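File shown here: structure-v9.cif, holding mmCIF, C-alpha atoms.
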```cif
data_final
loop_
_atom_site.label_atom_id
_atom_site.label_comp_id
_atom_site.auth_asym_id
_atom_site.auth_seq_id
_atom_site.Cartn_x
_atom_site.Cartn_y
_atom_site.Cartn_z
CA MET N 1 -12.99 21.47 -27.50
CA ARG N 2 -9.48 21.53 -28.89
CA GLN N 3 -8.27 18.37 -30.58
CA TYR N 4 -4.82 17.26 -29.52
CA SER N 5 -2.52 15.03 -31.51
CA ASP N 6 -1.72 11.54 -30.27
CA GLN N 7 1.81 12.59 -29.37
CA GLU N 8 0.63 15.61 -27.39
CA LEU N 9 -1.80 13.46 -25.45
CA VAL N 10 0.77 10.77 -24.76
CA ASN N 11 3.38 13.27 -23.57
CA GLY N 12 0.81 15.12 -21.48
CA VAL N 13 -0.34 11.95 -19.75
CA LEU N 14 3.23 10.82 -19.15
CA ASN N 15 4.00 14.20 -17.56
CA GLY N 16 0.89 13.99 -15.39
CA ASN N 17 -0.71 17.03 -17.02
CA PRO N 18 -4.35 17.12 -15.79
CA THR N 19 -5.54 19.16 -18.79
CA LEU N 20 -4.26 16.60 -21.26
CA GLN N 21 -5.47 13.70 -19.13
CA SER N 22 -8.94 15.21 -19.31
CA ALA N 23 -8.55 15.89 -23.04
CA LEU N 24 -7.63 12.26 -23.69
CA TYR N 25 -10.68 11.09 -21.79
CA GLN N 26 -12.96 13.56 -23.59
CA GLN N 27 -11.59 12.48 -26.96
CA PHE N 28 -11.93 8.73 -26.49
CA SER N 29 -14.59 8.15 -23.85
CA VAL N 30 -17.58 8.08 -26.23
CA PRO N 31 -16.16 5.70 -28.87
CA MET N 32 -14.79 3.42 -26.17
CA PHE N 33 -18.04 3.47 -24.26
CA ARG N 34 -19.84 2.36 -27.43
CA VAL N 35 -17.46 -0.61 -27.68
CA LEU N 36 -17.94 -1.55 -24.05
CA LEU N 37 -21.71 -1.25 -24.19
CA ARG N 38 -21.70 -4.12 -26.68
CA PHE N 39 -19.80 -6.37 -24.28
CA ALA N 40 -21.66 -5.40 -21.12
CA ARG N 41 -25.10 -6.52 -20.13
CA ASP N 42 -26.13 -3.01 -19.13
CA ARG N 43 -24.93 0.56 -18.88
CA ALA N 44 -23.63 0.29 -15.32
CA GLU N 45 -21.37 -2.63 -16.19
CA ALA N 46 -20.09 -0.76 -19.24
CA GLU N 47 -19.20 2.23 -17.05
CA ASP N 48 -17.27 -0.03 -14.67
CA MET N 49 -15.34 -1.43 -17.62
CA LEU N 50 -14.69 2.06 -18.98
CA GLN N 51 -13.33 3.24 -15.65
CA ASP N 52 -11.00 0.27 -15.27
CA GLY N 53 -9.94 0.55 -18.90
CA PHE N 54 -8.97 4.22 -18.66
CA VAL N 55 -7.10 3.64 -15.42
CA ARG N 56 -5.08 1.01 -17.29
CA VAL N 57 -4.54 3.43 -20.17
CA PHE N 58 -3.15 6.14 -17.89
CA ARG N 59 -1.09 3.67 -15.92
CA ASP N 60 0.41 1.87 -18.93
CA MET N 61 0.86 4.87 -21.21
CA SER N 62 4.63 4.42 -21.12
CA GLN N 63 4.15 1.12 -22.95
CA PHE N 64 2.50 2.81 -25.93
CA ARG N 65 4.67 2.70 -29.04
CA SER N 66 3.90 5.45 -31.50
CA GLU N 67 3.92 3.00 -34.41
CA GLY N 68 0.12 2.72 -34.46
CA ALA N 69 -2.76 5.02 -33.66
CA LEU N 70 -3.43 5.83 -30.05
CA GLY N 71 -7.14 5.08 -30.54
CA GLY N 72 -6.38 1.53 -31.68
CA TRP N 73 -4.15 0.92 -28.69
CA ILE N 74 -6.79 2.23 -26.29
CA ARG N 75 -9.44 0.13 -27.96
CA ARG N 76 -7.40 -3.03 -27.49
CA ILE N 77 -7.01 -2.19 -23.81
CA MET N 78 -10.76 -1.64 -23.51
CA VAL N 79 -11.61 -4.96 -25.17
CA ASN N 80 -9.11 -6.77 -22.93
CA THR N 81 -10.61 -5.06 -19.90
CA ALA N 82 -14.09 -6.12 -20.97
CA LEU N 83 -12.94 -9.70 -21.44
CA SER N 84 -11.27 -9.84 -18.05
CA HIS N 85 -14.50 -8.52 -16.50
CA LEU N 86 -16.56 -11.14 -18.31
CA ARG N 87 -14.21 -14.00 -17.39
CA LYS N 88 -14.92 -13.26 -13.74
CA GLN N 89 -18.63 -13.94 -14.23
CA ARG N 90 -19.63 -17.36 -13.08
CA ASP N 91 -22.06 -18.05 -15.92
CA PHE N 92 -19.74 -16.85 -18.66
CA LEU N 93 -19.96 -19.14 -21.71
CA ARG N 94 -22.98 -20.89 -20.24
CA GLU N 95 -24.91 -22.87 -22.83
CA THR N 96 -28.44 -21.60 -23.43
CA ASP N 97 -30.86 -23.53 -25.59
CA ASP N 98 -33.81 -21.28 -25.01
CA PHE N 99 -34.61 -20.39 -28.57
CA SER N 100 -36.76 -21.68 -31.39
CA PRO N 101 -35.57 -24.28 -33.92
CA PHE N 102 -33.11 -23.21 -36.53
CA GLU N 103 -34.52 -21.73 -39.72
CA ASN N 104 -32.60 -22.43 -42.90
CA ARG N 105 -33.82 -19.37 -44.67
CA MET N 106 -31.44 -16.47 -44.17
CA ARG N 107 -32.88 -13.05 -43.95
CA THR N 108 -31.54 -10.22 -46.03
CA ASP N 109 -30.46 -6.82 -44.75
CA GLU N 110 -33.87 -5.45 -45.68
CA ASP N 111 -35.48 -8.11 -43.55
CA PHE N 112 -33.52 -6.90 -40.56
CA ALA N 113 -35.03 -3.44 -40.90
CA SER N 114 -32.06 -1.50 -42.08
CA ASN N 115 -33.40 1.63 -40.51
CA MET N 116 -32.84 0.17 -37.04
CA ASP N 117 -30.39 2.37 -35.19
CA ALA N 118 -27.45 1.25 -33.12
CA GLU N 119 -29.23 1.91 -29.87
CA THR N 120 -32.02 -0.51 -30.76
CA LEU N 121 -29.56 -3.17 -31.94
CA LEU N 122 -27.55 -2.67 -28.78
CA GLY N 123 -30.67 -3.49 -26.80
CA TYR N 124 -30.98 -6.78 -28.67
CA LEU N 125 -27.31 -7.56 -28.26
CA GLN N 126 -27.49 -7.06 -24.53
CA GLN N 127 -30.23 -9.67 -24.28
CA LEU N 128 -27.75 -12.36 -25.37
CA PRO N 129 -26.08 -14.58 -22.78
CA PRO N 130 -22.56 -13.30 -22.02
CA GLY N 131 -20.72 -16.02 -23.93
CA TYR N 132 -22.76 -15.62 -27.10
CA ARG N 133 -22.53 -11.85 -26.91
CA THR N 134 -18.77 -11.87 -26.42
CA VAL N 135 -17.98 -14.22 -29.29
CA PHE N 136 -20.42 -12.44 -31.60
CA ASN N 137 -18.88 -9.05 -30.74
CA LEU N 138 -15.34 -10.24 -31.25
CA TYR N 139 -16.07 -12.08 -34.50
CA ALA N 140 -18.81 -10.10 -36.24
CA ILE N 141 -18.02 -6.53 -35.18
CA ASP N 142 -14.38 -6.38 -34.03
CA GLY N 143 -13.13 -8.77 -36.72
CA TYR N 144 -11.30 -11.34 -34.58
CA SER N 145 -10.78 -14.85 -35.98
CA HIS N 146 -11.95 -17.97 -34.18
CA GLU N 147 -8.32 -18.77 -33.35
CA GLU N 148 -7.86 -15.37 -31.71
CA ILE N 149 -11.14 -15.64 -29.84
CA ALA N 150 -10.24 -19.10 -28.58
CA GLU N 151 -6.90 -17.80 -27.36
CA GLN N 152 -8.38 -14.70 -25.72
CA LEU N 153 -11.14 -16.57 -23.91
CA GLY N 154 -9.24 -19.77 -23.19
CA ILE N 155 -11.70 -21.94 -25.10
CA SER N 156 -11.45 -24.26 -28.08
CA ILE N 157 -12.02 -23.09 -31.63
CA GLY N 158 -15.01 -25.41 -31.83
CA THR N 159 -16.56 -23.75 -28.79
CA SER N 160 -16.02 -20.35 -30.37
CA LYS N 161 -17.76 -21.44 -33.57
CA SER N 162 -20.58 -23.00 -31.61
CA GLN N 163 -21.10 -19.87 -29.55
CA LEU N 164 -21.16 -17.72 -32.68
CA PHE N 165 -23.71 -19.96 -34.34
CA LYS N 166 -25.96 -19.86 -31.32
CA ALA N 167 -25.58 -16.12 -30.99
CA ARG N 168 -26.76 -15.61 -34.53
CA GLU N 169 -29.75 -17.85 -33.94
CA TYR N 170 -30.58 -16.06 -30.73
CA LEU N 171 -30.43 -12.66 -32.42
CA LYS N 172 -32.55 -13.89 -35.27
CA LYS N 173 -35.17 -15.04 -32.80
CA ILE N 174 -35.14 -11.72 -30.99
CA LEU N 175 -35.40 -9.80 -34.24
CA ASP N 176 -38.26 -11.99 -35.42
CA LYS N 177 -40.10 -11.27 -32.19
CA SER N 178 -39.57 -7.57 -32.61
CA PHE N 179 -40.97 -7.70 -36.13
CA ILE N 180 -44.07 -9.49 -34.95
CA VAL N 181 -44.66 -6.85 -32.31
CA MET E 1 -8.66 -11.07 -39.62
CA ARG E 2 -11.40 -13.47 -40.62
CA ASP E 3 -12.33 -15.35 -43.76
CA PRO E 4 -14.56 -13.29 -46.04
CA GLN E 5 -16.70 -16.34 -47.00
CA GLU E 6 -17.98 -16.59 -43.44
CA LYS E 7 -19.79 -13.27 -43.50
CA HIS E 8 -23.34 -13.45 -42.33
CA PRO E 9 -26.12 -10.90 -42.92
CA ILE E 10 -26.62 -10.47 -39.19
CA ASP E 11 -22.90 -9.88 -38.71
CA GLU E 12 -22.90 -7.26 -41.46
CA ARG E 13 -25.91 -5.51 -40.05
CA PHE E 14 -24.45 -5.14 -36.60
CA HIS E 15 -21.02 -4.28 -37.93
CA GLN E 16 -22.41 -1.42 -40.02
CA ALA E 17 -24.61 -0.16 -37.21
CA PHE E 18 -21.80 0.10 -34.68
CA GLU E 19 -18.79 0.98 -36.79
CA GLN E 20 -20.43 3.77 -38.79
CA LEU E 21 -21.68 5.85 -35.94
CA PRO E 22 -21.08 9.61 -36.05
CA ALA E 23 -18.19 10.99 -34.03
CA THR E 24 -20.47 13.15 -31.94
CA PRO E 25 -22.40 11.46 -29.16
CA ALA E 26 -26.11 10.80 -29.63
CA SER E 27 -28.51 13.46 -28.45
CA SER E 28 -30.34 10.87 -26.36
CA GLY E 29 -27.10 10.26 -24.45
CA TRP E 30 -27.15 6.46 -24.71
CA ASP E 31 -23.48 6.39 -25.77
CA SER E 32 -22.15 8.94 -23.24
CA PRO E 33 -20.82 7.75 -19.91
CA SER E 34 -21.92 9.55 -16.76
CA ALA E 35 -19.70 12.20 -15.16
CA LYS E 36 -18.94 10.03 -12.15
CA VAL E 37 -16.77 7.77 -14.33
CA TRP E 38 -14.25 10.55 -14.91
CA ASP E 39 -14.39 11.54 -11.24
CA ASN E 40 -13.53 7.98 -10.23
CA ILE E 41 -10.74 7.77 -12.79
CA GLN E 42 -9.22 11.00 -11.49
CA GLN E 43 -9.24 9.65 -7.97
CA GLU E 44 -7.51 6.49 -9.16
CA ILE E 45 -4.76 8.16 -11.16
CA GLN E 46 -3.90 10.95 -8.72
CA PRO E 47 -0.66 10.22 -6.91
CA ARG E 48 -1.23 9.31 -3.30
CA LYS E 49 0.66 11.64 -1.00
CA ASN E 50 1.39 9.42 1.95
CA PRO E 51 -0.13 5.97 1.80
CA LEU E 52 1.37 5.14 5.20
CA TRP E 53 -0.68 7.75 7.05
CA ASN E 54 -4.02 7.56 5.35
CA THR E 55 -7.38 7.69 7.07
CA ARG E 56 -7.26 4.00 7.95
CA SER E 57 -3.95 4.43 9.73
CA TRP E 58 -5.29 7.29 11.84
CA ILE E 59 -8.42 5.34 12.73
CA LEU E 60 -6.29 2.34 13.72
CA LEU E 61 -4.00 4.53 15.82
CA ALA E 62 -6.97 6.14 17.58
CA PHE E 63 -8.49 2.72 18.27
CA VAL E 64 -5.27 1.39 19.76
CA SER E 65 -4.88 4.52 21.90
CA ILE E 66 -8.42 4.23 23.24
CA ALA E 67 -7.95 0.52 23.96
CA LEU E 68 -4.73 1.22 25.87
CA GLY E 69 -6.42 4.02 27.81
CA VAL E 70 -9.35 1.81 28.79
CA TRP E 71 -6.97 -0.95 29.87
CA TRP E 72 -4.90 1.50 31.94
CA TRP E 73 -7.99 2.93 33.59
CA ASN E 74 -9.46 -0.47 34.50
CA ARG E 75 -6.26 -2.26 35.48
CA PRO E 76 -6.26 -3.94 38.95
CA ALA E 77 -4.74 -1.84 41.76
CA PRO E 78 -1.40 -3.21 43.04
CA ALA E 79 -1.41 -4.76 46.56
CA PRO E 80 0.10 -2.43 49.20
CA VAL E 81 3.61 -3.48 50.19
CA GLU E 82 4.23 -3.69 53.95
CA GLN E 83 7.14 -1.54 54.96
CA PRO E 84 9.35 -3.06 57.68
CA VAL E 85 9.13 -1.08 60.87
CA GLN E 86 12.50 0.28 61.83
CA THR E 87 13.08 0.76 65.53
CA PRO E 88 15.56 3.43 66.39
CA VAL E 89 18.68 1.90 67.92
CA GLN E 90 20.79 3.90 70.22
CA GLN E 91 24.38 3.60 69.20
CA PRO E 92 26.92 3.71 72.02
CA VAL E 93 29.27 6.55 71.56
CA THR E 94 32.85 5.37 71.71
CA PRO E 95 35.49 7.99 72.24
CA VAL E 96 37.77 8.08 69.32
CA THR E 97 41.18 9.46 69.93
CA ALA E 98 42.34 11.31 66.97
CA PRO E 99 45.89 10.44 66.00
CA GLU E 100 48.48 13.07 66.36
CA ALA E 101 48.64 15.17 63.33
CA ALA E 102 51.92 14.47 61.69
CA PRO E 103 53.68 17.35 60.13
CA LEU E 104 53.27 17.24 56.43
CA GLU E 105 56.49 17.01 54.66
CA THR E 106 56.65 17.20 50.96
CA PRO E 107 59.77 16.18 49.14
CA ALA E 108 59.94 19.63 47.69
CA ALA E 109 59.73 21.17 51.11
CA ALA E 110 62.34 18.79 52.44
CA GLY E 111 64.77 19.40 49.64
CA ASN E 112 64.28 23.10 49.11
CA ALA E 113 63.91 25.25 52.12
CA GLU E 114 63.15 28.26 50.08
CA MET E 115 60.68 28.22 47.20
CA PRO E 116 61.10 30.66 44.34
CA THR E 117 58.75 33.56 44.90
CA SER E 118 59.09 35.47 41.67
CA ALA E 119 59.26 34.71 37.97
CA LYS E 120 62.85 35.82 37.88
CA GLU E 121 63.88 33.10 40.25
CA VAL E 122 62.28 30.35 38.17
CA PRO E 123 64.96 28.25 36.50
CA ALA E 124 65.26 28.70 32.72
CA LYS E 125 64.69 24.99 31.99
CA PRO E 126 61.89 23.63 34.09
CA ALA E 127 61.66 19.96 34.85
CA PRO E 128 59.36 17.92 32.55
CA LEU E 129 55.81 17.75 33.71
CA ASN E 130 55.10 14.43 35.35
CA LYS E 131 51.93 13.35 37.02
CA ALA E 132 53.83 11.68 39.78
CA ASN E 133 55.57 14.92 40.51
CA THR E 134 52.38 16.89 40.71
CA ASN E 135 50.90 14.69 43.40
CA THR E 136 51.94 15.58 46.85
CA ILE E 137 53.30 12.59 48.70
CA ILE E 138 52.19 12.50 52.28
CA PRO E 139 54.23 10.10 54.32
CA VAL E 140 52.24 8.50 57.07
CA ASN E 141 53.67 7.01 60.17
CA SER E 142 53.50 3.23 59.78
CA LYS E 143 52.42 2.58 63.39
CA GLU E 144 49.61 5.05 63.18
CA ALA E 145 48.49 3.57 59.90
CA GLU E 146 48.48 0.09 61.40
CA SER E 147 46.46 1.21 64.40
CA GLY E 148 43.99 2.94 62.13
CA GLU E 149 43.56 -0.16 60.02
CA LYS E 150 43.10 -2.31 63.13
CA ALA E 151 40.47 0.06 64.44
CA ALA E 152 38.67 -0.03 61.15
CA ASN E 153 38.78 -3.82 61.03
CA THR E 154 37.49 -4.02 64.55
CA ARG E 155 34.59 -1.75 63.72
CA ASN E 156 33.78 -3.62 60.57
CA THR E 157 33.96 -7.16 61.81
CA LYS E 158 32.91 -7.02 65.40
CA SER E 159 30.18 -4.96 66.83
CA GLU E 160 29.48 -4.67 70.46
CA ALA E 161 26.20 -6.04 71.68
CA LEU E 162 23.65 -3.39 72.29
CA PRO E 163 22.24 -3.15 75.75
CA GLY E 164 19.10 -5.22 75.93
CA SER E 165 19.59 -6.89 72.53
CA LYS E 166 19.73 -10.64 72.00
CA SER E 167 22.64 -12.39 70.52
CA SER E 168 22.03 -13.56 66.96
CA ALA E 169 23.94 -15.59 64.47
CA ARG E 170 26.58 -13.79 62.59
CA ASN E 171 26.17 -12.92 59.00
CA THR E 172 26.94 -15.97 56.88
CA THR E 173 28.77 -13.86 54.38
CA GLU E 174 31.21 -12.77 57.04
CA GLN E 175 31.73 -16.34 58.12
CA LYS E 176 32.64 -17.32 54.60
CA VAL E 177 35.01 -14.46 54.37
CA GLY E 178 36.54 -15.46 57.69
CA ASN E 179 37.02 -19.01 56.53
#
```
As structure tokens, what does this structure read like?
Amino acid sequence: MRQYSDQELVNGVLNGNPTLQSALYQQFSVPMFRVLLRFARDRAEAEDMLQDGFVRVFRDMSQFRSEGALGGWIRRIMVNTALSHLRKQRDFLRETDDFSPFENRMRTDEDFASNMDAETLLGYLQQLPPGYRTVFNLYAIDGYSHEEIAEQLGISIGTSKSQLFKAREYLKKILDKSFIV
Amino acid sequence: MRDPQEKHPIDERFHQAFEQLPATPASSGWDSPSAKVWDNIQQEIQPRKNPLWNTRSWILLAFVSIALGVWWWNRPAPAPVEQPVQTPVQQPVTPVTAPEAAPLETPAAAGNAEMPTSAKEVPAKPAPLNKANTNTIIPVNSKEAESGEKAANTRNTKSEALPGSKSSARNTTEQKVGN
């Protein structure tokens, strides 16, 4: 498949060129789907988010400024789409205390089985409650600060920190279980 | 974006796992969306030709037409209107004496005994065209006109009683006019 430059894709989409619309989707659908899989509870929800996100991308392409990379702009739209999907869920940011007592000892990377692939880790991530999963994704993987997360989700910074802490504990518990098995 | 001192081993593990994936999709297909996603996106971004007359509009139009047809078919029949029976009345024939036909005299005929018959005889400067001149004035004898008006008034206001008919009150409208 031919790789198009950002400018070619942007112009093609703005002109309604179906070939370049398809090329843009082919070029960015897999990396964006990987992002959305982390936020969604399952594959079907991630596909819904991807569809809505790309519709926004095509619709709002005129707002893209060529100062940054097109991929970064699309990724921001995808994350915002995922967050708006999650905010609609009734139990978003629900507190869950269903895990074992906190262990002070931190595991090392070796402890977490460094050979675990992304697909396996994704399975663990999707077991988290939506609030924990969202804050963990934004902070640990996408690099947002607690201030940014609080602003994006409409919560306090303290809540963001609390959700991150609980997410880590939850993941640790899941990983411990998987090691036992 | 975040403070480096807050890094956690779990964070690092997940960050590495998801941010260092190869560009090509996995052979298992876990990171590839299904084809229906693109189909749905295409449907969403295609310009709609005529949103006013979409399928819903046609269905609505058909429904309204059927409803109107059913109502028209089942509407109650109108009650028959009784037509008043008209009895033929024999009108008495009154002899009308036609007034003597007065000889028509036009001013032109009175003034000019002889009319020009050819183009040569037409005067070089014709009189200006006037509507009043084009109309032929027919003088009517004043006595005859009066008698005609009287006869008309008599016919309009008073009618002779028909043989065998009963006398009835006069039309109120006529009374008002008379007053």
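Set the cut-off at 6 Å, count all atoms listed in the file, and the residues of chain N near chain E turn out to be Val30, Arg34, Gln51, Ala118, Ala140, Ile141, Gly143, Tyr144 and Ser145 of chain N.
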Write the residues of the preceding selection, restricted to C-alpha atoms, as an mmCIF file, in the coordinates of the input.
```
data_model
loop_
_atom_site.group_PDB
_atom_site.id
_atom_site.type_symbol
_atom_site.label_atom_id
_atom_site.label_comp_id
_atom_site.auth_asym_id
_atom_site.auth_seq_id
_atom_site.Cartn_x
_atom_site.Cartn_y
_atom_site.Cartn_z
ATOM 1 C CA VAL N 30 -17.580 8.080 -26.230
ATOM 2 C CA ARG N 34 -19.840 2.360 -27.430
ATOM 3 C CA GLN N 51 -13.330 3.240 -15.650
ATOM 4 C CA ALA N 118 -27.450 1.250 -33.120
ATOM 5 C CA ALA N 140 -18.810 -10.100 -36.240
ATOM 6 C CA ILE N 141 -18.020 -6.530 -35.180
ATOM 7 C CA GLY N 143 -13.130 -8.770 -36.720
ATOM 8 C CA TYR N 144 -11.300 -11.340 -34.580
ATOM 9 C CA SER N 145 -10.780 -14.850 -35.980
#
```
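Selection check: the PyMOL selection byres ((chain N and resi 138) around 10) on the shown file gives Arg38, Phe39, Val79, Arg133, Thr134, Val135, Phe136, Asn137, Tyr139, Ala140, Ile141, Asp142, Gly143, Tyr144, Ser145, His146, Glu148, Ile149, Gln152 and Leu164 of chain N.
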Within 12 Å of N:Leu86, counting all atoms listed in the file, which residues qualify if same-chain residues fewer than 3 places away don't, as number ranges by chain? N: 36, 39-41, 45-46, 48-49, 79-83, 89-94, 129-135, 152-153
Kindly resolve the PyMOL selection byres ((chain N and resi 15-23) around 9) on the present coordinates and return the residues as a count of residues only. 20
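Atom CA of N:Leu128 sits 15.8 Å away from atom CA of N:Val35.
Across the structure, atom CA of E:Ile59 and atom CA of E:Trp71 are spaced 18.3 Å apart.
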So how far away is atom CA of N:Asp52 from atom CA of N:Leu70, in Å? 17.5 Å
Padded axis-aligned box of stretch 11-16 of chain N (3 Å per side), centre and edge lengths, Å, one decimal, as lines of an AutoDock Vina configuration file:
```
center_x = 1.8
center_y = 13.0
center_z = -19.5
size_x = 10.3
size_y = 10.3
size_z = 14.2
```
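Distances from N:Ile157, N:Leu122, N:Glu151, N:Ala44 to N:Leu171 were compared using only C-alpha atoms, and the smallest one belongs to N:Leu122.
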